[in-house]
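Shown below: structure33.cif, with mmCIF, C-alpha atoms.
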data_work
#
loop_
_atom_site.label_atom_id
_atom_site.label_comp_id
_atom_site.auth_asym_id
_atom_site.auth_seq_id
_atom_site.Cartn_x
_atom_site.Cartn_y
_atom_site.Cartn_z
CA MET A 1 -77.81 12.23 27.33
CA VAL A 2 -75.52 11.14 30.14
CA LYS A 3 -75.25 11.75 33.85
CA ILE A 4 -72.31 13.91 34.87
CA ALA A 5 -70.85 14.44 38.34
CA VAL A 6 -68.81 17.59 38.92
CA ALA A 7 -66.60 17.42 42.02
CA ALA A 8 -65.71 20.62 43.90
CA PRO A 9 -67.63 23.06 41.68
CA GLY A 10 -65.56 26.24 41.97
CA GLN A 11 -65.15 29.13 39.56
CA VAL A 12 -63.79 27.20 36.59
CA ALA A 13 -66.19 24.32 37.12
CA ARG A 14 -69.25 26.56 37.20
CA GLU A 15 -68.31 28.20 33.90
CA ILE A 16 -68.13 24.73 32.34
CA ILE A 17 -71.33 23.59 34.05
CA GLU A 18 -73.21 26.58 32.58
CA VAL A 19 -72.32 25.42 29.07
CA LEU A 20 -73.18 21.79 29.83
CA VAL A 21 -76.56 22.81 31.24
CA ALA A 22 -77.24 24.99 28.20
CA THR A 23 -76.97 21.97 25.91
CA GLY A 24 -80.05 20.52 27.60
CA LYS A 25 -78.63 17.05 27.07
CA HIS A 26 -77.34 15.93 30.44
CA GLU A 27 -78.24 15.31 34.06
CA ILE A 28 -75.67 17.06 36.23
CA ILE A 29 -74.95 16.61 39.93
CA THR A 30 -72.32 18.54 41.86
CA LEU A 31 -70.32 17.14 44.77
CA ALA A 32 -68.99 19.48 47.45
CA ARG A 33 -67.63 19.18 50.97
CA ARG A 34 -70.19 21.66 52.29
CA GLU A 35 -73.64 22.94 51.54
CA LEU A 36 -73.35 25.35 48.62
CA ALA A 37 -74.66 28.88 48.95
CA PRO A 38 -77.55 29.66 46.57
CA GLU A 39 -75.31 31.77 44.33
CA GLU A 40 -72.89 28.85 43.98
CA VAL A 41 -75.51 26.48 42.60
CA VAL A 42 -75.87 26.55 38.83
CA LYS A 43 -79.52 26.35 37.86
CA GLY A 44 -80.29 22.98 36.34
CA THR A 45 -77.94 20.99 38.57
CA THR A 46 -78.44 18.96 41.72
CA PRO A 47 -76.00 19.90 44.51
CA LEU A 48 -74.92 17.19 46.96
CA LYS A 49 -72.80 17.48 50.10
CA VAL A 50 -70.30 14.62 50.28
CA ASP A 51 -67.32 13.33 52.23
CA PHE A 52 -64.45 13.00 49.77
CA HIS A 53 -62.76 10.55 52.15
CA ASN A 54 -65.71 8.15 52.21
CA GLN A 55 -65.33 5.83 49.24
CA ASP A 56 -68.47 3.80 49.95
CA GLU A 57 -70.65 6.92 50.11
CA LEU A 58 -69.16 8.28 46.90
CA ALA A 59 -69.57 4.96 45.09
CA LYS A 60 -73.28 4.93 45.92
CA ILE A 61 -73.71 8.49 44.70
CA LEU A 62 -71.83 7.75 41.48
CA GLN A 63 -74.05 4.82 40.51
CA GLY A 64 -75.30 5.54 36.98
CA VAL A 65 -72.84 8.39 36.43
CA HIS A 66 -71.14 8.32 33.03
CA THR A 67 -68.50 11.06 33.49
CA VAL A 68 -66.83 12.64 36.51
CA LEU A 69 -65.20 16.06 36.14
CA SER A 70 -62.99 16.90 39.11
CA PHE A 71 -62.00 20.41 40.18
CA VAL A 72 -60.68 19.58 43.65
CA VAL A 73 -58.39 22.39 44.82
CA VAL A 74 -55.04 20.61 44.81
CA GLN A 75 -53.39 23.10 47.18
CA ASN A 76 -55.78 21.85 49.85
CA ASP A 77 -55.12 18.18 49.03
CA PRO A 78 -51.31 17.85 48.65
CA GLU A 79 -51.33 14.05 48.91
CA GLY A 80 -54.21 13.73 46.46
CA THR A 81 -56.27 11.81 49.02
CA ALA A 82 -59.64 13.25 48.03
CA GLN A 83 -59.15 12.59 44.34
CA LYS A 84 -57.74 9.12 44.90
CA THR A 85 -60.85 8.24 46.88
CA LEU A 86 -63.04 9.77 44.18
CA ILE A 87 -61.24 7.75 41.48
CA ASP A 88 -61.61 4.50 43.43
CA ALA A 89 -65.29 5.21 44.02
CA ALA A 90 -65.78 5.98 40.33
CA ILE A 91 -64.18 2.68 39.35
CA THR A 92 -66.33 0.79 41.87
CA ALA A 93 -69.47 2.51 40.55
CA GLY A 94 -68.63 1.70 36.94
CA VAL A 95 -68.09 5.30 35.81
CA LYS A 96 -66.87 5.36 32.19
CA ARG A 97 -64.83 8.58 32.12
CA PHE A 98 -62.87 10.65 34.63
CA ALA A 99 -61.24 14.06 34.25
CA PRO A 100 -58.92 14.84 37.20
CA SER A 101 -58.34 18.33 38.53
CA GLU A 102 -55.94 19.56 35.84
CA TRP A 103 -57.28 22.56 33.89
CA PHE A 104 -53.89 24.27 33.61
CA ILE A 105 -50.47 23.46 32.15
CA SER A 106 -48.36 20.45 31.18
CA ARG A 107 -45.61 20.32 33.83
CA TYR A 108 -45.32 21.57 37.41
CA THR A 109 -41.58 21.55 38.05
CA HIS A 110 -41.67 25.13 39.34
CA LEU A 111 -45.26 25.31 40.60
CA LEU A 112 -44.89 23.06 43.58
CA TRP A 113 -48.24 23.96 45.14
CA SER A 114 -49.80 22.04 42.23
CA ALA A 115 -47.60 18.95 42.70
CA SER A 116 -50.52 16.71 43.64
CA LYS A 117 -51.75 16.99 40.04
CA VAL A 118 -48.75 14.85 39.14
CA VAL A 119 -49.58 12.45 42.00
CA ILE A 120 -53.03 11.92 40.49
CA ARG A 121 -51.63 11.44 36.99
CA ASP A 122 -49.43 8.66 38.35
CA TYR A 123 -52.36 7.19 40.29
CA LEU A 124 -54.55 6.97 37.21
CA GLU A 125 -51.72 5.45 35.21
CA GLU A 126 -51.17 2.84 37.93
CA LYS A 127 -54.87 1.97 38.06
CA ASN A 128 -54.87 1.17 34.35
CA LYS A 129 -51.48 -0.53 34.10
CA ASN A 130 -52.94 -4.05 33.86
CA GLY A 131 -55.80 -3.07 31.59
CA LYS A 132 -58.12 -0.11 31.36
CA VAL A 133 -60.47 0.17 34.32
CA ILE A 134 -61.47 3.78 33.68
CA GLU A 135 -61.05 6.12 30.73
CA TYR A 136 -59.49 9.44 31.67
CA CYS A 137 -58.22 12.67 30.17
CA LEU A 138 -55.93 15.41 31.51
CA PHE A 139 -57.63 18.56 30.22
CA GLN A 140 -54.86 21.15 29.82
CA PRO A 141 -55.80 24.59 28.37
CA GLY A 142 -52.78 26.58 29.59
CA ILE A 143 -53.51 30.02 31.04
CA PHE A 144 -57.03 31.40 30.68
CA THR A 145 -56.98 34.17 28.08
CA ASP A 146 -59.58 35.90 30.27
CA TYR A 147 -56.77 36.87 32.67
CA HIS A 148 -55.73 39.51 30.14
CA ALA A 149 -58.65 41.56 31.42
CA ASN A 150 -58.25 43.58 34.60
CA GLU A 151 -61.81 43.13 35.81
CA ASN A 152 -64.26 40.28 36.20
CA ILE A 153 -65.87 39.69 32.82
CA ASN A 154 -67.31 36.22 33.40
CA LYS A 155 -70.23 35.01 35.45
CA HIS A 156 -68.09 32.85 37.74
CA LEU A 157 -64.38 32.97 36.82
CA LYS A 158 -62.67 35.87 38.57
CA THR A 159 -59.78 37.83 37.13
CA ASN A 160 -56.41 36.49 38.27
CA ASP A 161 -53.25 38.50 37.55
CA PHE A 162 -51.29 35.36 36.76
CA LEU A 163 -49.60 36.88 33.71
CA PRO A 164 -46.21 38.57 33.22
CA ILE A 165 -47.80 41.33 31.14
CA ASP A 166 -49.72 44.18 32.76
CA PHE A 167 -52.02 45.82 30.21
CA ALA A 168 -53.39 48.34 32.69
CA ASN A 169 -49.97 49.77 33.57
CA HIS A 170 -48.21 49.17 30.23
CA ARG A 171 -45.45 46.92 31.55
CA MET A 172 -44.06 43.41 31.29
CA LEU A 173 -41.75 41.13 33.23
CA ALA A 174 -39.82 38.58 31.18
CA PRO A 175 -37.43 35.82 32.28
CA GLY A 176 -34.20 36.63 30.44
CA SER A 177 -35.75 37.31 27.04
CA LEU A 178 -39.01 37.66 25.13
CA GLU A 179 -38.63 34.22 23.53
CA PRO A 180 -40.50 32.03 26.08
CA ARG A 181 -43.97 30.94 24.97
CA LEU A 182 -47.27 30.19 26.66
CA THR A 183 -50.64 28.82 25.65
CA ALA A 184 -53.76 30.86 26.38
CA THR A 185 -57.35 29.64 25.98
CA THR A 186 -60.58 31.41 26.93
CA ILE A 187 -62.73 29.80 29.58
CA ARG A 188 -65.62 29.77 27.10
CA ASP A 189 -63.57 27.79 24.60
CA VAL A 190 -62.53 25.36 27.33
CA ALA A 191 -66.16 24.87 28.35
CA ASN A 192 -67.27 24.36 24.75
CA ILE A 193 -64.56 21.76 24.14
CA VAL A 194 -65.47 19.90 27.34
CA ALA A 195 -69.11 19.86 26.23
CA LYS A 196 -68.04 18.42 22.87
CA ALA A 197 -65.74 15.93 24.62
CA ILE A 198 -68.65 14.64 26.73
CA GLU A 199 -70.49 13.75 23.51
CA TYR A 200 -67.38 12.46 21.70
CA GLU A 201 -67.86 8.79 20.85
CA GLY A 202 -64.18 8.00 20.48
CA GLU A 203 -61.82 7.27 23.35
CA TRP A 204 -60.59 10.29 25.26
CA PRO A 205 -56.87 11.04 24.84
CA LYS A 206 -54.94 10.63 28.09
CA VAL A 207 -53.40 14.05 27.60
CA GLY A 208 -56.00 16.49 26.34
CA GLY A 209 -54.37 19.74 25.35
CA ILE A 210 -56.76 22.56 24.43
CA ALA A 211 -54.66 25.17 22.65
CA GLY A 212 -56.51 28.39 22.08
CA GLN A 213 -53.31 30.12 20.95
CA THR A 214 -49.64 29.55 21.70
CA LEU A 215 -47.52 32.68 21.43
CA SER A 216 -44.25 34.15 22.65
CA LEU A 217 -43.83 36.97 25.14
CA ALA A 218 -42.66 39.09 22.20
CA GLU A 219 -46.00 38.46 20.50
CA GLU A 220 -47.85 39.22 23.75
CA LEU A 221 -45.94 42.50 23.97
CA ALA A 222 -46.70 43.43 20.36
CA ILE A 223 -50.42 42.83 20.95
CA GLY A 224 -50.36 44.91 24.11
CA GLU A 225 -48.59 47.84 22.53
CA LYS A 226 -50.78 47.71 19.42
CA ILE A 227 -54.09 47.65 21.28
CA ARG A 228 -53.07 50.01 24.08
CA GLY A 229 -51.30 52.39 21.69
CA LYS A 230 -48.28 52.86 23.92
CA LYS A 231 -44.83 51.36 24.41
CA PHE A 232 -44.60 49.01 27.39
CA ASP A 233 -41.86 49.08 29.99
CA VAL A 234 -40.14 45.70 29.61
CA GLU A 235 -38.06 44.38 32.51
CA LEU A 236 -35.84 41.38 31.81
CA LEU A 237 -35.24 39.34 34.97
CA ASP A 238 -32.10 37.32 35.63
CA VAL A 239 -33.07 33.65 35.29
CA ASP A 240 -30.18 32.31 37.39
CA SER A 241 -31.31 34.49 40.30
CA LEU A 242 -34.86 33.20 39.94
CA ARG A 243 -33.57 29.63 40.01
CA ARG A 244 -31.77 30.44 43.28
CA GLY A 245 -35.04 31.65 44.74
CA GLU A 246 -34.07 35.32 44.55
CA TRP A 247 -36.75 37.67 43.25
CA ASN A 248 -35.14 40.41 41.14
CA GLY A 249 -38.15 42.16 39.68
CA SER A 250 -39.24 45.69 40.62
CA TRP A 251 -42.90 44.70 40.90
CA VAL A 252 -45.11 41.67 41.34
CA LYS A 253 -48.85 41.23 41.00
CA PRO A 254 -50.72 40.22 44.17
CA LEU A 255 -52.49 36.96 43.38
CA GLU A 256 -56.16 36.49 44.12
CA HIS A 257 -57.39 32.92 44.47
CA PRO A 258 -59.93 31.23 46.77
CA SER A 259 -57.22 28.91 48.11
CA ILE A 260 -55.20 31.85 49.56
CA LYS A 261 -58.00 34.24 50.48
CA ASP A 262 -57.62 33.56 54.21
CA LEU A 263 -53.87 34.23 54.34
CA ASP A 264 -52.66 37.39 56.02
CA GLU A 265 -51.32 40.18 53.79
CA GLU A 266 -47.64 39.43 54.40
CA THR A 267 -48.00 35.70 53.72
CA ARG A 268 -50.08 36.34 50.63
CA ALA A 269 -47.44 38.77 49.32
CA ALA A 270 -44.71 36.17 49.85
CA PHE A 271 -46.80 33.51 48.13
CA SER A 272 -47.48 35.85 45.21
CA LYS A 273 -43.76 36.49 44.75
CA ALA A 274 -42.92 32.78 44.90
CA ALA A 275 -45.77 31.91 42.54
CA PHE A 276 -44.81 34.57 40.04
CA SER A 277 -41.18 33.48 40.15
CA GLY A 278 -42.26 29.88 39.53
CA PHE A 279 -44.47 31.01 36.67
CA LEU A 280 -41.55 32.80 34.99
CA LEU A 281 -39.29 29.76 35.38
CA ALA A 282 -42.04 27.57 33.94
CA LEU A 283 -42.09 29.90 30.95
CA VAL A 284 -38.33 29.55 30.46
CA ASP A 285 -38.51 25.75 30.64
CA GLY A 286 -41.43 25.46 28.23
CA ASP A 287 -43.92 24.23 30.82
CA MET A 288 -46.54 26.84 29.91
CA VAL A 289 -47.08 25.41 26.42
CA VAL A 290 -49.71 22.70 26.11
CA SER A 291 -50.44 20.21 23.33
CA ASP A 292 -53.41 20.29 20.95
CA GLU A 293 -55.10 16.88 21.13
CA TRP A 294 -58.62 18.30 21.34
CA ASN A 295 -57.91 20.84 18.59
CA ARG A 296 -57.10 17.93 16.27
CA ILE A 297 -60.17 15.94 17.36
CA PHE A 298 -62.42 18.95 16.66
CA PRO A 299 -60.59 20.66 13.76
CA ASP A 300 -63.59 22.81 12.78
CA TYR A 301 -63.87 24.51 16.15
CA ARG A 302 -62.81 28.16 16.03
CA PHE A 303 -60.87 29.37 19.07
CA THR A 304 -60.68 32.97 20.23
CA GLY A 305 -57.15 34.34 19.79
CA VAL A 306 -55.38 36.56 22.30
CA GLU A 307 -55.43 39.66 20.08
CA GLU A 308 -59.13 39.21 19.40
CA PHE A 309 -59.83 38.94 23.12
CA VAL A 310 -57.57 41.85 24.09
CA SER A 311 -59.06 44.04 21.37
CA LYS A 312 -62.59 43.48 22.63
CA PHE A 313 -61.66 44.30 26.22
CA TRP A 314 -58.95 46.98 25.95
CA ALA A 315 -59.64 48.86 22.73
CA GLY A 316 -60.42 52.51 23.49
CA LYS A 317 -59.76 52.25 27.21
CA PRO A 318 -57.49 54.88 28.84
#

Can you dump the structure from the file as structure tokens?
Amino acid sequence: MVKIAVAAPGQVAREIIEVLVATGKHEIITLARRELAPEEVVKGTTPLKVDFHNQDELAKILQGVHTVLSFVVVQNDPEGTAQKTLIDAAITAGVKRFAPSEWFISRYTHLLWSASKVVIRDYLEEKNKNGKVIEYCLFQPGIFTDYHANENINKHLKTNDFLPIDFANHRMLAPGSLEPRLTATTIRDVANIVAKAIEYEGEWPKVGGIAGQTLSLAEELAIGEKIRGKKFDVELLDVDSLRRGEWNGSWVKPLEHPSIKDLDEETRAAFSKAAFSGFLLALVDGDMVVSDEWNRIFPDYRFTGVEEFVSKFWAGKP
């Protein structure tokens, strides 16, 4: 049993916390900038309101904590200030392990709103350059397979149309060809691997890829057409135009995310278009494929594949 601190417990964090609580093995505290609403508090955890810019306060709170899992919304912290302070406090408090707010892909060349993830990677590397002062892992599961559903199927994680394939309307956008690949992992598999990682007695890998399944857009399309029983309309977008910042698709999915919920409709639409364009370019450049470090550490763990997930959700639906 260890004590775990979860910073900024949003949707993804709460799904992971539920699994950690279910093990019955750990003491879990959550750290948030504000008082959490009752529905945001996972039963079995202790919620604390903190100032992520107050290192001394954080260091006191983190006394006795073994592992810190961070889910700070990086769009709201472009310089990484909150996480840098949290890391420094964790080191001062003698925390053994730290997981920064990653929980996505390997590179962010085209997803600039996530650039502070790279800032934090560099910060952790710098902290340990003269000898390890804190063990850390960049948990990278790729896209959540759950986004293949078009409704909320989880207790906390909401559906996010951050995929180039639209199962509901039998269509797909592809950057130039169907060759680009992506990695998709269910949120339940991510949570289970994190729970196993907490108990892992070996040293955490610095890069911790969790690869549920890596597949091409052609394979995504084949799954969609097989399960939905209908040919999809495939639109190949000009990659050079996308690189020039010119959107050349006939449709785009409006993104839903807590970090943009307060934007007006026009700004949100513009952000969705830019985000989707960046996503497609990331596909072309191979940024959406993650490694498999945790798969190799836990070789007996069975991941849920995309077709298995899609079959359970879409089979028989009109």

With a distance cut-off of 7 Å and only C-alpha atoms, select the neighbouring residues of stretch 278-283 of chain A, excluding the residue or stretch itself and same-chain residues fewer than 2 positions from it, and output the selection as a PyMOL selection string. chain A and resi 110-111+175+180-182+274-276+285-288

Which residues of stretch 120-189 of chain A come within 8 Å of stretch 4-23 of chain A, and for each one, what is the closest pair of atoms and their distance in Å to one decimal, counting all atoms listed in the file, sorted by chain and residue number, as CSV?
residue,atom,partner,partner_atom,distance
A:Lys155,CA,A:Glu15,CA,7.2
A:His156,CA,A:Gln11,CA,5.1
A:Leu157,CA,A:Gln11,CA,4.8
A:Lys158,CA,A:Gln11,CA,7.2
A:Ile187,CA,A:Glu15,CA,7.2
A:Arg188,CA,A:Glu15,CA,7.5

Residue contacts of A:Val72 (12 Å, all atoms listed in the file) excluding same-chain residues fewer than 5 positions away, as a PDB file with C-alpha atoms, in the frame of the given file:
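As a result, around-v4.pdb now contains:
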ATOM      1  CA  VAL A   6     -68.810  17.590  38.920  1.00  0.00           C
ATOM      2  CA  ALA A   7     -66.600  17.420  42.020  1.00  0.00           C
ATOM      3  CA  ALA A   8     -65.710  20.620  43.900  1.00  0.00           C
ATOM      4  CA  PRO A   9     -67.630  23.060  41.680  1.00  0.00           C
ATOM      5  CA  GLY A  10     -65.560  26.240  41.970  1.00  0.00           C
ATOM      6  CA  GLN A  11     -65.150  29.130  39.560  1.00  0.00           C
ATOM      7  CA  VAL A  12     -63.790  27.200  36.590  1.00  0.00           C
ATOM      8  CA  ALA A  13     -66.190  24.320  37.120  1.00  0.00           C
ATOM      9  CA  THR A  30     -72.320  18.540  41.860  1.00  0.00           C
ATOM     10  CA  LEU A  31     -70.320  17.140  44.770  1.00  0.00           C
ATOM     11  CA  ALA A  32     -68.990  19.480  47.450  1.00  0.00           C
ATOM     12  CA  ARG A  33     -67.630  19.180  50.970  1.00  0.00           C
ATOM     13  CA  PHE A  52     -64.450  13.000  49.770  1.00  0.00           C
ATOM     14  CA  ASP A  77     -55.120  18.180  49.030  1.00  0.00           C
ATOM     15  CA  PRO A  78     -51.310  17.850  48.650  1.00  0.00           C
ATOM     16  CA  GLY A  80     -54.210  13.730  46.460  1.00  0.00           C
ATOM     17  CA  THR A  81     -56.270  11.810  49.020  1.00  0.00           C
ATOM     18  CA  ALA A  82     -59.640  13.250  48.030  1.00  0.00           C
ATOM     19  CA  GLN A  83     -59.150  12.590  44.340  1.00  0.00           C
ATOM     20  CA  LYS A  84     -57.740   9.120  44.900  1.00  0.00           C
ATOM     21  CA  THR A  85     -60.850   8.240  46.880  1.00  0.00           C
ATOM     22  CA  LEU A  86     -63.040   9.770  44.180  1.00  0.00           C
ATOM     23  CA  ALA A  99     -61.240  14.060  34.250  1.00  0.00           C
ATOM     24  CA  PRO A 100     -58.920  14.840  37.200  1.00  0.00           C
ATOM     25  CA  SER A 101     -58.340  18.330  38.530  1.00  0.00           C
ATOM     26  CA  GLU A 102     -55.940  19.560  35.840  1.00  0.00           C
ATOM     27  CA  TRP A 103     -57.280  22.560  33.890  1.00  0.00           C
ATOM     28  CA  SER A 114     -49.800  22.040  42.230  1.00  0.00           C
ATOM     29  CA  SER A 116     -50.520  16.710  43.640  1.00  0.00           C
ATOM     30  CA  LYS A 117     -51.750  16.990  40.040  1.00  0.00           C
ATOM     31  CA  ILE A 120     -53.030  11.920  40.490  1.00  0.00           C
ATOM     32  CA  SER A 259     -57.220  28.910  48.110  1.00  0.00           C
TER      33      SER A 259
END

Extract, using all atoms listed in the file, all DNA, RNA and protein residues at most 6 Å from stretch 92-97 of chain A, discarding same-chain residues fewer than 6 positions from it, and format them as JSON, numbers by chain. {"A": [59, 62, 63, 65, 66, 67, 134, 135, 136]}

Keeping only C-alpha atoms, write those residues as a PDB file, in the frame of the given file.
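result_36.pdb written:
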ATOM      1  CA  ALA A  59     -69.570   4.960  45.090  1.00  0.00           C
ATOM      2  CA  LEU A  62     -71.830   7.750  41.480  1.00  0.00           C
ATOM      3  CA  GLN A  63     -74.050   4.820  40.510  1.00  0.00           C
ATOM      4  CA  VAL A  65     -72.840   8.390  36.430  1.00  0.00           C
ATOM      5  CA  HIS A  66     -71.140   8.320  33.030  1.00  0.00           C
ATOM      6  CA  THR A  67     -68.500  11.060  33.490  1.00  0.00           C
ATOM      7  CA  ILE A 134     -61.470   3.780  33.680  1.00  0.00           C
ATOM      8  CA  GLU A 135     -61.050   6.120  30.730  1.00  0.00           C
ATOM      9  CA  TYR A 136     -59.490   9.440  31.670  1.00  0.00           C
TER      10      TYR A 136
END

Could you produce a table of the residues of stretch 218-302 of chain A lying within 7 Å of stretch 197-214 of chain A, with the nearest pair of atoms per residue and their separation in Å rounded to one decimal, using only C-alpha atoms, ordered by chain and increasing residue number, as JSON lines?
{"residue": "A:Val289", "atom": "CA", "partner": "A:Thr214", "partner_atom": "CA", "distance": 6.8}
{"residue": "A:Val290", "atom": "CA", "partner": "A:Gly209", "partner_atom": "CA", "distance": 5.6}
{"residue": "A:Ser291", "atom": "CA", "partner": "A:Gly209", "partner_atom": "CA", "distance": 4.4}
{"residue": "A:Asp292", "atom": "CA", "partner": "A:Gly209", "partner_atom": "CA", "distance": 4.5}
{"residue": "A:Glu293", "atom": "CA", "partner": "A:Gly209", "partner_atom": "CA", "distance": 5.1}
{"residue": "A:Trp294", "atom": "CA", "partner": "A:Ile210", "partner_atom": "CA", "distance": 5.6}
{"residue": "A:Asn295", "atom": "CA", "partner": "A:Ile210", "partner_atom": "CA", "distance": 6.2}

Quick one: residues within 10 Å of A:His170, all atoms listed in the file counted, chain neighbours fewer than 5 positions away excluded, as a list in words? Ile165, Leu221, Gly224, Glu225, Arg228, Gly229, Lys230, Lys231, Phe232, Asp233 and Val234 of chain A

Translate the PyMOL selection byres ((chain A and resi 148) around 10), as applied to the file shown, into an explicit residue set as a PyMOL selection string. chain A and resi 143-147+149-151+159-163+165-168+184+186+224+306+309-310+313-314

Could those selected residues go to a file with C-alpha atoms, as a compact mmCIF listing (two decimals), in the coordinates of the input?
# COMPACT_ATOMS: atom_id res chain seq x y z
CA ILE A 143 -53.51 30.02 31.04
CA PHE A 144 -57.03 31.40 30.68
CA THR A 145 -56.98 34.17 28.08
CA ASP A 146 -59.58 35.90 30.27
CA TYR A 147 -56.77 36.87 32.67
CA ALA A 149 -58.65 41.56 31.42
CA ASN A 150 -58.25 43.58 34.60
CA GLU A 151 -61.81 43.13 35.81
CA THR A 159 -59.78 37.83 37.13
CA ASN A 160 -56.41 36.49 38.27
CA ASP A 161 -53.25 38.50 37.55
CA PHE A 162 -51.29 35.36 36.76
CA LEU A 163 -49.60 36.88 33.71
CA ILE A 165 -47.80 41.33 31.14
CA ASP A 166 -49.72 44.18 32.76
CA PHE A 167 -52.02 45.82 30.21
CA ALA A 168 -53.39 48.34 32.69
CA ALA A 184 -53.76 30.86 26.38
CA THR A 186 -60.58 31.41 26.93
CA GLY A 224 -50.36 44.91 24.11
CA VAL A 306 -55.38 36.56 22.30
CA PHE A 309 -59.83 38.94 23.12
CA VAL A 310 -57.57 41.85 24.09
CA PHE A 313 -61.66 44.30 26.22
CA TRP A 314 -58.95 46.98 25.95

Long-range neighbours of A:Glu27 as a list of chain:residue names, 8 Å cut-off, all atoms listed in the file, 3 positions minimum in chain: A:Met1, A:Val2, A:Lys3, A:Ile4, A:Thr45

Interatomic distance, atom CA of A:Leu48 to atom CA of A:Ile91 (Å, one decimal):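 If I compute the distance from atom CA of A:Leu48 to atom CA of A:Ile91, I get 19.6 Å.
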
Report the distance between atom CA of A:Val73 and atom CA of A:Val42 in Å, rounded to one decimal place.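 For atom CA of A:Val73 relative to atom CA of A:Val42, the distance reads 18.9 Å.
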
Enter the distance from atom CA of A:Ser177 to atom CA of A:Ala218, in Å, rounded to one decimal.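 Pair atom CA of A:Ser177 / atom CA of A:Ala218 returns 8.6 Å.
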
Using all atoms listed in the file, the residue out of A:Ala37, A:Val133, A:Leu138, A:Ile227 with shortest distance to A:Arg121 is A:Leu138
